[in-house]
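Participant: target_1.cif is reproduced in full below (mmCIF, C-alpha atoms).
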data_run
#
loop_
_atom_site.group_PDB
_atom_site.id
_atom_site.type_symbol
_atom_site.label_atom_id
_atom_site.label_comp_id
_atom_site.auth_asym_id
_atom_site.auth_seq_id
_atom_site.Cartn_x
_atom_site.Cartn_y
_atom_site.Cartn_z
ATOM 1 C CA MET A 1 -272.109 62.035 121.922
ATOM 2 C CA ARG A 2 -268.599 60.916 121.025
ATOM 3 C CA ARG A 3 -269.836 58.878 118.044
ATOM 4 C CA TYR A 4 -271.691 61.915 116.646
ATOM 5 C CA ILE A 5 -268.592 64.079 116.924
ATOM 6 C CA ILE A 6 -266.510 61.467 115.145
ATOM 7 C CA LEU A 7 -269.027 60.831 112.367
ATOM 8 C CA PHE A 8 -269.448 64.575 111.760
ATOM 9 C CA ALA A 9 -265.680 64.961 111.732
ATOM 10 C CA LEU A 10 -265.201 62.096 109.262
ATOM 11 C CA LEU A 11 -267.801 63.455 106.873
ATOM 12 C CA THR A 12 -266.146 66.875 106.994
ATOM 13 C CA ILE A 13 -262.690 65.377 106.475
ATOM 14 C CA VAL A 14 -263.827 63.528 103.354
ATOM 15 C CA LEU A 15 -265.304 66.698 101.898
ATOM 16 C CA THR A 16 -262.648 69.223 102.867
ATOM 17 C CA ALA A 17 -259.478 67.372 103.984
ATOM 18 C CA CYS A 18 -259.548 69.086 107.363
ATOM 19 C CA ARG A 19 -257.615 67.788 110.361
ATOM 20 C CA VAL A 20 -259.405 66.436 113.477
ATOM 21 C CA GLU A 21 -257.994 64.687 116.553
ATOM 22 C CA SER A 22 -259.952 63.003 119.360
ATOM 23 C CA ASN A 23 -258.262 62.145 122.681
ATOM 24 C CA VAL A 24 -259.399 60.240 125.765
ATOM 25 C CA ILE A 25 -257.178 61.218 128.700
ATOM 26 C CA LEU A 26 -256.391 59.578 132.053
ATOM 27 C CA GLU A 27 -253.948 61.202 134.470
ATOM 28 C CA ILE A 28 -253.556 58.812 137.414
ATOM 29 C CA ASN A 29 -252.114 59.732 140.823
ATOM 30 C CA ASP A 30 -250.270 57.571 143.363
ATOM 31 C CA ASP A 31 -253.328 57.350 145.644
ATOM 32 C CA GLY A 32 -255.612 56.032 142.873
ATOM 33 C CA SER A 33 -257.358 59.325 142.233
ATOM 34 C CA ALA A 34 -257.325 60.570 138.657
ATOM 35 C CA THR A 35 -258.189 63.310 136.234
ATOM 36 C CA VAL A 36 -260.440 61.816 133.547
ATOM 37 C CA GLY A 37 -261.613 63.549 130.412
ATOM 38 C CA ALA A 38 -261.777 63.899 126.672
ATOM 39 C CA GLU A 39 -260.844 66.524 124.122
ATOM 40 C CA VAL A 40 -261.330 67.057 120.419
ATOM 41 C CA GLY A 41 -258.991 69.182 118.347
ATOM 42 C CA PHE A 42 -259.815 70.928 115.069
ATOM 43 C CA ASP A 43 -257.558 72.695 112.641
ATOM 44 C CA ASP A 44 -258.199 76.284 111.582
ATOM 45 C CA GLU A 45 -260.010 75.244 108.388
ATOM 46 C CA PHE A 46 -262.462 73.054 110.309
ATOM 47 C CA LEU A 47 -263.158 75.834 112.826
ATOM 48 C CA GLN A 48 -263.798 78.256 110.003
ATOM 49 C CA LEU A 49 -266.309 75.862 108.424
ATOM 50 C CA ILE A 50 -268.166 75.559 111.740
ATOM 51 C CA THR A 51 -268.278 79.343 112.157
ATOM 52 C CA GLU A 52 -269.433 79.930 108.580
ATOM 53 C CA SER A 53 -272.257 77.419 109.107
ATOM 54 C CA GLY A 54 -273.541 79.523 112.001
ATOM 55 C CA GLY A 55 -272.375 77.200 114.755
ATOM 56 C CA SER A 56 -269.531 77.040 117.255
ATOM 57 C CA PRO A 57 -267.215 74.234 118.484
ATOM 58 C CA GLU A 58 -268.931 74.347 121.885
ATOM 59 C CA ASP A 59 -272.158 73.135 120.224
ATOM 60 C CA LEU A 60 -270.515 69.731 119.708
ATOM 61 C CA PHE A 61 -270.034 69.349 123.467
ATOM 62 C CA SER A 62 -273.494 70.389 124.669
ATOM 63 C CA ASP A 63 -274.346 66.936 126.061
ATOM 64 C CA LEU A 64 -271.014 65.413 127.009
ATOM 65 C CA PRO A 65 -271.265 63.266 130.153
ATOM 66 C CA ALA A 66 -270.018 64.502 133.521
ATOM 67 C CA PHE A 67 -266.525 63.165 134.167
ATOM 68 C CA GLY A 68 -266.623 62.778 137.947
ATOM 69 C CA ASP A 69 -266.718 65.778 140.270
ATOM 70 C CA ASP A 70 -265.588 69.375 139.748
ATOM 71 C CA VAL A 71 -265.988 69.209 135.972
ATOM 72 C CA VAL A 72 -264.134 71.875 134.018
ATOM 73 C CA THR A 73 -264.030 72.714 130.316
ATOM 74 C CA THR A 74 -260.761 73.540 128.635
ATOM 75 C CA GLU A 75 -259.503 75.158 125.458
ATOM 76 C CA ARG A 76 -255.917 75.084 124.277
ATOM 77 C CA THR A 77 -254.020 75.786 121.062
ATOM 78 C CA GLU A 78 -251.152 73.738 119.697
ATOM 79 C CA GLY A 79 -249.851 74.816 116.313
ATOM 80 C CA ASP A 80 -252.829 75.212 113.965
ATOM 81 C CA MET A 81 -254.988 72.949 116.164
ATOM 82 C CA THR A 82 -257.463 74.144 118.792
ATOM 83 C CA TYR A 83 -258.520 71.568 121.396
ATOM 84 C CA PHE A 84 -261.786 71.704 123.335
ATOM 85 C CA GLY A 85 -262.119 69.379 126.309
ATOM 86 C CA VAL A 86 -264.028 68.459 129.441
ATOM 87 C CA PHE A 87 -262.321 67.005 132.526
ATOM 88 C CA GLY A 88 -263.307 65.873 135.991
ATOM 89 C CA GLU A 89 -261.740 64.389 139.096
ATOM 90 C CA VAL A 90 -262.449 60.893 140.444
ATOM 91 C CA ASP A 91 -261.442 59.808 143.949
ATOM 92 C CA ASP A 92 -260.604 56.191 143.131
ATOM 93 C CA LEU A 93 -260.129 55.050 139.535
ATOM 94 C CA SER A 94 -260.177 51.394 140.605
ATOM 95 C CA THR A 95 -263.886 51.653 141.494
ATOM 96 C CA LEU A 96 -265.015 52.724 138.014
ATOM 97 C CA GLN A 97 -266.648 50.307 135.597
ATOM 98 C CA ALA A 98 -266.363 50.125 131.809
ATOM 99 C CA GLY A 99 -269.226 51.952 130.138
ATOM 100 C CA SER A 100 -269.739 54.408 132.999
ATOM 101 C CA SER A 101 -269.992 58.103 132.152
ATOM 102 C CA GLU A 102 -266.339 58.577 133.097
ATOM 103 C CA LEU A 103 -265.211 55.618 130.967
ATOM 104 C CA GLU A 104 -267.359 55.991 127.866
ATOM 105 C CA GLY A 105 -265.889 53.924 125.050
ATOM 106 C CA PHE A 106 -264.205 51.274 127.215
ATOM 107 C CA SER A 107 -265.599 47.744 126.784
ATOM 108 C CA SER A 108 -263.550 46.503 129.752
ATOM 109 C CA PHE A 109 -261.561 48.338 132.399
ATOM 110 C CA SER A 110 -259.477 47.345 135.412
ATOM 111 C CA TYR A 111 -257.123 49.525 137.436
ATOM 112 C CA THR A 112 -255.439 48.050 140.494
ATOM 113 C CA PHE A 113 -252.761 49.475 142.782
ATOM 114 C CA ASP A 114 -251.077 49.112 146.130
ATOM 115 C CA GLU A 115 -248.119 50.791 147.836
ATOM 116 C CA SER A 116 -245.576 49.345 145.418
ATOM 117 C CA SER A 117 -247.205 49.062 141.987
ATOM 118 C CA ALA A 118 -250.118 49.995 139.732
ATOM 119 C CA THR A 119 -251.603 48.152 136.750
ATOM 120 C CA LEU A 120 -254.012 49.268 134.037
ATOM 121 C CA ASP A 121 -255.673 46.537 131.955
ATOM 122 C CA ALA A 122 -258.447 47.635 129.602
ATOM 123 C CA VAL A 123 -260.005 47.473 126.156
ATOM 124 C CA ILE A 124 -261.191 50.621 124.409
ATOM 125 C CA SER A 125 -263.580 50.404 121.478
ATOM 126 C CA ALA A 126 -262.951 51.883 118.062
ATOM 127 C CA ALA A 127 -264.201 55.327 117.188
ATOM 128 C CA ASP A 128 -267.812 54.281 117.841
ATOM 129 C CA THR A 129 -269.433 54.571 114.422
ATOM 130 C CA GLY A 130 -271.061 51.151 114.778
ATOM 131 C CA ASP A 131 -274.508 52.495 115.631
ATOM 132 C CA PHE A 132 -274.594 54.147 112.217
ATOM 133 C CA GLY A 133 -273.935 50.935 110.301
ATOM 134 C CA ASP A 134 -271.121 50.416 107.839
ATOM 135 C CA LEU A 135 -269.039 53.510 107.145
ATOM 136 C CA GLY A 136 -269.436 52.695 103.479
ATOM 137 C CA ASP A 137 -273.104 53.633 103.774
ATOM 138 C CA PHE A 138 -271.883 57.210 104.203
ATOM 139 C CA GLY A 139 -269.406 57.014 101.349
ATOM 140 C CA LEU A 140 -266.536 56.574 103.801
ATOM 141 C CA ASP A 141 -263.680 54.157 103.226
ATOM 142 C CA PRO A 142 -261.766 53.882 106.536
ATOM 143 C CA SER A 143 -258.575 52.903 104.698
ATOM 144 C CA THR A 144 -258.473 56.323 103.012
ATOM 145 C CA ILE A 145 -258.776 58.271 106.263
ATOM 146 C CA THR A 146 -255.176 58.425 107.446
ATOM 147 C CA ASP A 147 -253.553 60.015 110.516
ATOM 148 C CA GLU A 148 -252.875 63.043 108.344
ATOM 149 C CA PHE A 149 -256.585 63.881 108.561
ATOM 150 C CA PHE A 150 -257.993 62.093 111.612
ATOM 151 C CA SER A 151 -256.663 60.335 114.680
ATOM 152 C CA ALA A 152 -258.163 59.069 117.921
ATOM 153 C CA ASN A 153 -255.970 58.313 120.916
ATOM 154 C CA LEU A 154 -255.994 57.166 124.505
ATOM 155 C CA ILE A 155 -253.410 59.123 126.507
ATOM 156 C CA VAL A 156 -252.519 57.800 129.967
ATOM 157 C CA THR A 157 -250.182 59.152 132.623
ATOM 158 C CA MET A 158 -249.388 56.358 135.071
ATOM 159 C CA PRO A 159 -248.137 57.041 138.613
ATOM 160 C CA GLY A 160 -244.534 56.143 139.432
ATOM 161 C CA THR A 161 -242.203 54.675 136.811
ATOM 162 C CA VAL A 162 -243.691 52.633 133.976
ATOM 163 C CA THR A 163 -242.008 49.225 133.840
ATOM 164 C CA GLU A 164 -244.079 47.574 131.098
ATOM 165 C CA SER A 165 -246.741 48.590 128.595
ATOM 166 C CA ASN A 166 -248.059 47.848 125.113
ATOM 167 C CA ALA A 167 -248.463 51.548 124.260
ATOM 168 C CA ASP A 168 -247.874 52.633 120.679
ATOM 169 C CA VAL A 169 -245.904 55.696 121.794
ATOM 170 C CA VAL A 170 -244.148 56.772 124.981
ATOM 171 C CA ARG A 171 -243.856 60.551 125.074
ATOM 172 C CA GLY A 172 -240.961 62.496 126.507
ATOM 173 C CA ASP A 173 -243.008 63.374 129.591
ATOM 174 C CA GLY A 174 -243.633 59.664 130.257
ATOM 175 C CA SER A 175 -247.273 59.611 129.153
ATOM 176 C CA LEU A 176 -248.427 56.574 127.165
ATOM 177 C CA VAL A 177 -250.364 56.823 123.896
ATOM 178 C CA TRP A 178 -252.512 54.151 122.244
ATOM 179 C CA ALA A 179 -253.996 54.762 118.787
ATOM 180 C CA ILE A 180 -257.732 54.014 118.622
ATOM 181 C CA PRO A 181 -258.688 52.613 115.187
ATOM 182 C CA LEU A 182 -261.887 53.337 113.275
ATOM 183 C CA THR A 183 -262.862 49.668 113.506
ATOM 184 C CA GLY A 184 -262.239 46.990 116.118
ATOM 185 C CA GLU A 185 -260.796 47.415 119.604
ATOM 186 C CA THR A 186 -257.494 48.368 121.217
ATOM 187 C CA GLU A 187 -256.049 46.388 124.119
ATOM 188 C CA VAL A 188 -254.432 48.555 126.764
ATOM 189 C CA PHE A 189 -251.898 47.358 129.326
ATOM 190 C CA ALA A 190 -249.456 49.238 131.549
ATOM 191 C CA THR A 191 -247.832 48.598 134.898
ATOM 192 C CA SER A 192 -245.671 50.921 136.959
ATOM 193 C CA ASP A 193 -243.407 50.847 140.005
ATOM 194 C CA LEU A 194 -244.482 53.276 142.719
ATOM 195 C CA GLY A 195 -241.134 53.028 144.487
ATOM 196 C CA ALA A 196 -242.413 51.919 147.891
ATOM 197 C CA ASN A 197 -239.904 49.086 148.092
ATOM 198 C CA ALA A 198 -236.996 51.394 147.373
ATOM 199 C CA THR A 199 -238.154 53.748 150.111
ATOM 200 C CA SER A 200 -238.468 50.852 152.584
ATOM 201 C CA TRP A 201 -234.912 49.710 151.898
ATOM 202 C CA PHE A 202 -233.636 53.258 152.351
ATOM 203 C CA ILE A 203 -235.359 53.539 155.736
ATOM 204 C CA PHE A 204 -234.008 50.106 156.721
ATOM 205 C CA ILE A 205 -230.453 51.172 155.915
ATOM 206 C CA LEU A 206 -230.839 54.373 157.924
ATOM 207 C CA VAL A 207 -232.080 52.407 160.950
ATOM 208 C CA LEU A 208 -229.074 50.094 160.758
#
Let me see the file written as structure tokens.
Facilitator:
Amino acid sequence: MRRYIILFALLTIVLTACRVESNVILEINDDGSATVGAEVGFDDEFLQLITESGGSPEDLFSDLPAFGDDVVTTERTEGDMTYFGVFGEVDDLSTLQAGSSELEGFSSFSYTFDESSATLDAVISAADTGDFGDLGDFGLDPSTITDEFFSANLIVTMPGTVTESNADVVRGDGSLVWAIPLTGETEVFATSDLGANATSWFIFILVL
């Protein structure tokens, strides 16, 4: 489904210069559980085009996969962008495999953690237009589609304090952002300190 959303969005962008943003989101907790989901944001012009064509944004999400248990749909507005998403809870992120319904778009995925640290090591594929052949077949030149019109991102919130990552952007709230290109793959790496060692030393000092 994600590749259809992206292709439709790209075709619309070329014709109308609308703004579309696609995000894959992982919010990881200390115990390895996580909120996993995806959202797509459209600017007001894009939403108007959908409405005028007799459709609705929800139509684009009619067959999104189930992201774990207790799946919820969301809608939020940020500036002139409206984001529609679907999120679910997973009990243990380290048990998930690349290509599963929760990790659609990842070609490899590893999350490991213990009491003191957590590490994410993964590869996420480009904006999945490969099944449609070359973008040029649709009159699309990827080099002309800039972040001003379309962007795809992986947004990860790691538990604890991030000590190392190859993220493109670190937001003020500590979340990590990797840009997903239209072609190729993006390598993802992040490790964080869960603070267990610091707590152990504090307890040791108190005992002394």
Participant: Quick one: distance from atom CA of A:Gln97 to atom CA of A:Asn23 in Å, one decimal?
Facilitator: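 Straight-line distance from atom CA of A:Gln97 to atom CA of A:Asn23 works out to 19.4 Å.
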Participant: Per residue of stretch 32-131 of chain A within 12 Å of stretch 153-172 of chain A, which atom pair is closest and at what distance in Å (one decimal), using all atoms listed in the file, listed by chain and increasing number, as a tab-separated table?
Facilitator:
residue	atom	partner	partner_atom	distance
A:Gly32	CA	A:Pro159	CA	8.7
A:Ser33	CA	A:Pro159	CA	10.2
A:Ala34	CA	A:Thr157	CA	9.5
A:Thr35	CA	A:Thr157	CA	9.7
A:Val36	CA	A:Val156	CA	9.6
A:Gly37	CA	A:Ile155	CA	10.1
A:Ala38	CA	A:Leu154	CA	9.1
A:Glu39	CA	A:Asn153	CA	10.1
A:Val40	CA	A:Asn153	CA	10.3
A:Gly41	CA	A:Asn153	CA	11.6
A:Leu93	CA	A:Met158	CA	11.7
A:Leu103	CA	A:Leu154	CA	11.4
A:Glu104	CA	A:Leu154	CA	11.9
A:Gly105	CA	A:Leu154	CA	10.4
A:Phe106	CA	A:Leu154	CA	10.5
A:Tyr111	CA	A:Met158	CA	10.6
A:Thr112	CA	A:Met158	CA	11.6
A:Phe113	CA	A:Pro159	CA	9.8
A:Asp114	CA	A:Pro159	CA	11.3
A:Glu115	CA	A:Gly160	CA	10.6
A:Ser116	CA	A:Gly160	CA	9.1
A:Ser117	CA	A:Gly160	CA	8.0
A:Ala118	CA	A:Pro159	CA	7.4
A:Thr119	CA	A:Met158	CA	8.7
A:Leu120	CA	A:Met158	CA	8.5
A:Asp121	CA	A:Ser165	CA	9.8
A:Ala122	CA	A:Leu154	CA	11.1
A:Val123	CA	A:Leu154	CA	10.6
A:Ile124	CA	A:Leu154	CA	8.4
A:Ser125	CA	A:Leu154	CA	10.6
A:Ala126	CA	A:Asn153	CA	9.9
A:Ala127	CA	A:Asn153	CA	9.5
Participant: Where does the PyMOL selection byres ((chain A and resi 91) around 12) land in this file, that is, which residues does it pick, as number ranges by chain?
Facilitator: A: 28-36, 67-70, 88-90, 92-96, 102
Participant: Atom CA of A:Phe150 and atom CA of A:Phe46 are how many Å apart?
Facilitator: 11.9 Å
Participant: Taking the file as I've supplied it (selection: the PyMOL selection byres ((chain A and resi 75-79) around 12)), which residues are included? Please answer as a count of residues only.
Facilitator: 21
Participant: One decimal, in Å: what's the spacing between atom CA of A:Val188 and atom CA of A:Leu26?
Facilitator: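 So the two atoms, atom CA of A:Val188 and atom CA of A:Leu26, lie 12.4 Å apart.
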Participant: Counting all atoms listed in the file, which of A:Ser108, A:Val20, A:Ala98, A:Glu27 gets nearest to A:Gly174?
Facilitator: A:Glu27
Participant: Can you work out which one of A:Glu45, A:Ser101, A:Ser22, A:Ser192 has the shortest atom-to-atom distance to A:Ile180, counting all atoms listed in the file?
Facilitator: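 Closest residue, counting all atoms listed in the file: A:Ser22.
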Participant: Restricting the calculation to only C-alpha atoms: of A:Leu182, A:Glu52, A:Phe149, A:Glu187, which residue gets closest to A:Cys18?
Facilitator: A:Phe149
Participant: A:Ser100, A:Ser110, A:Gln48, A:Ser53: which is nearest A:Thr191, counting only C-alpha atoms?
Facilitator: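 Among the listed residues, the smallest separation from A:Thr191 belongs to A:Ser110.
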Participant: Pick the closest to A:Ser107 from A:Thr51, A:Ser175, A:Thr186, A:Ser56: which is it, counting all atoms listed in the file?
Facilitator: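 Result for the nearest residue to A:Ser107: A:Thr186.
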Participant: Pick from A:Gly195, A:Leu47, A:Gly54, A:Ile25: nearest to A:Leu176, with all atoms listed in the file counted?
Facilitator: A:Ile25
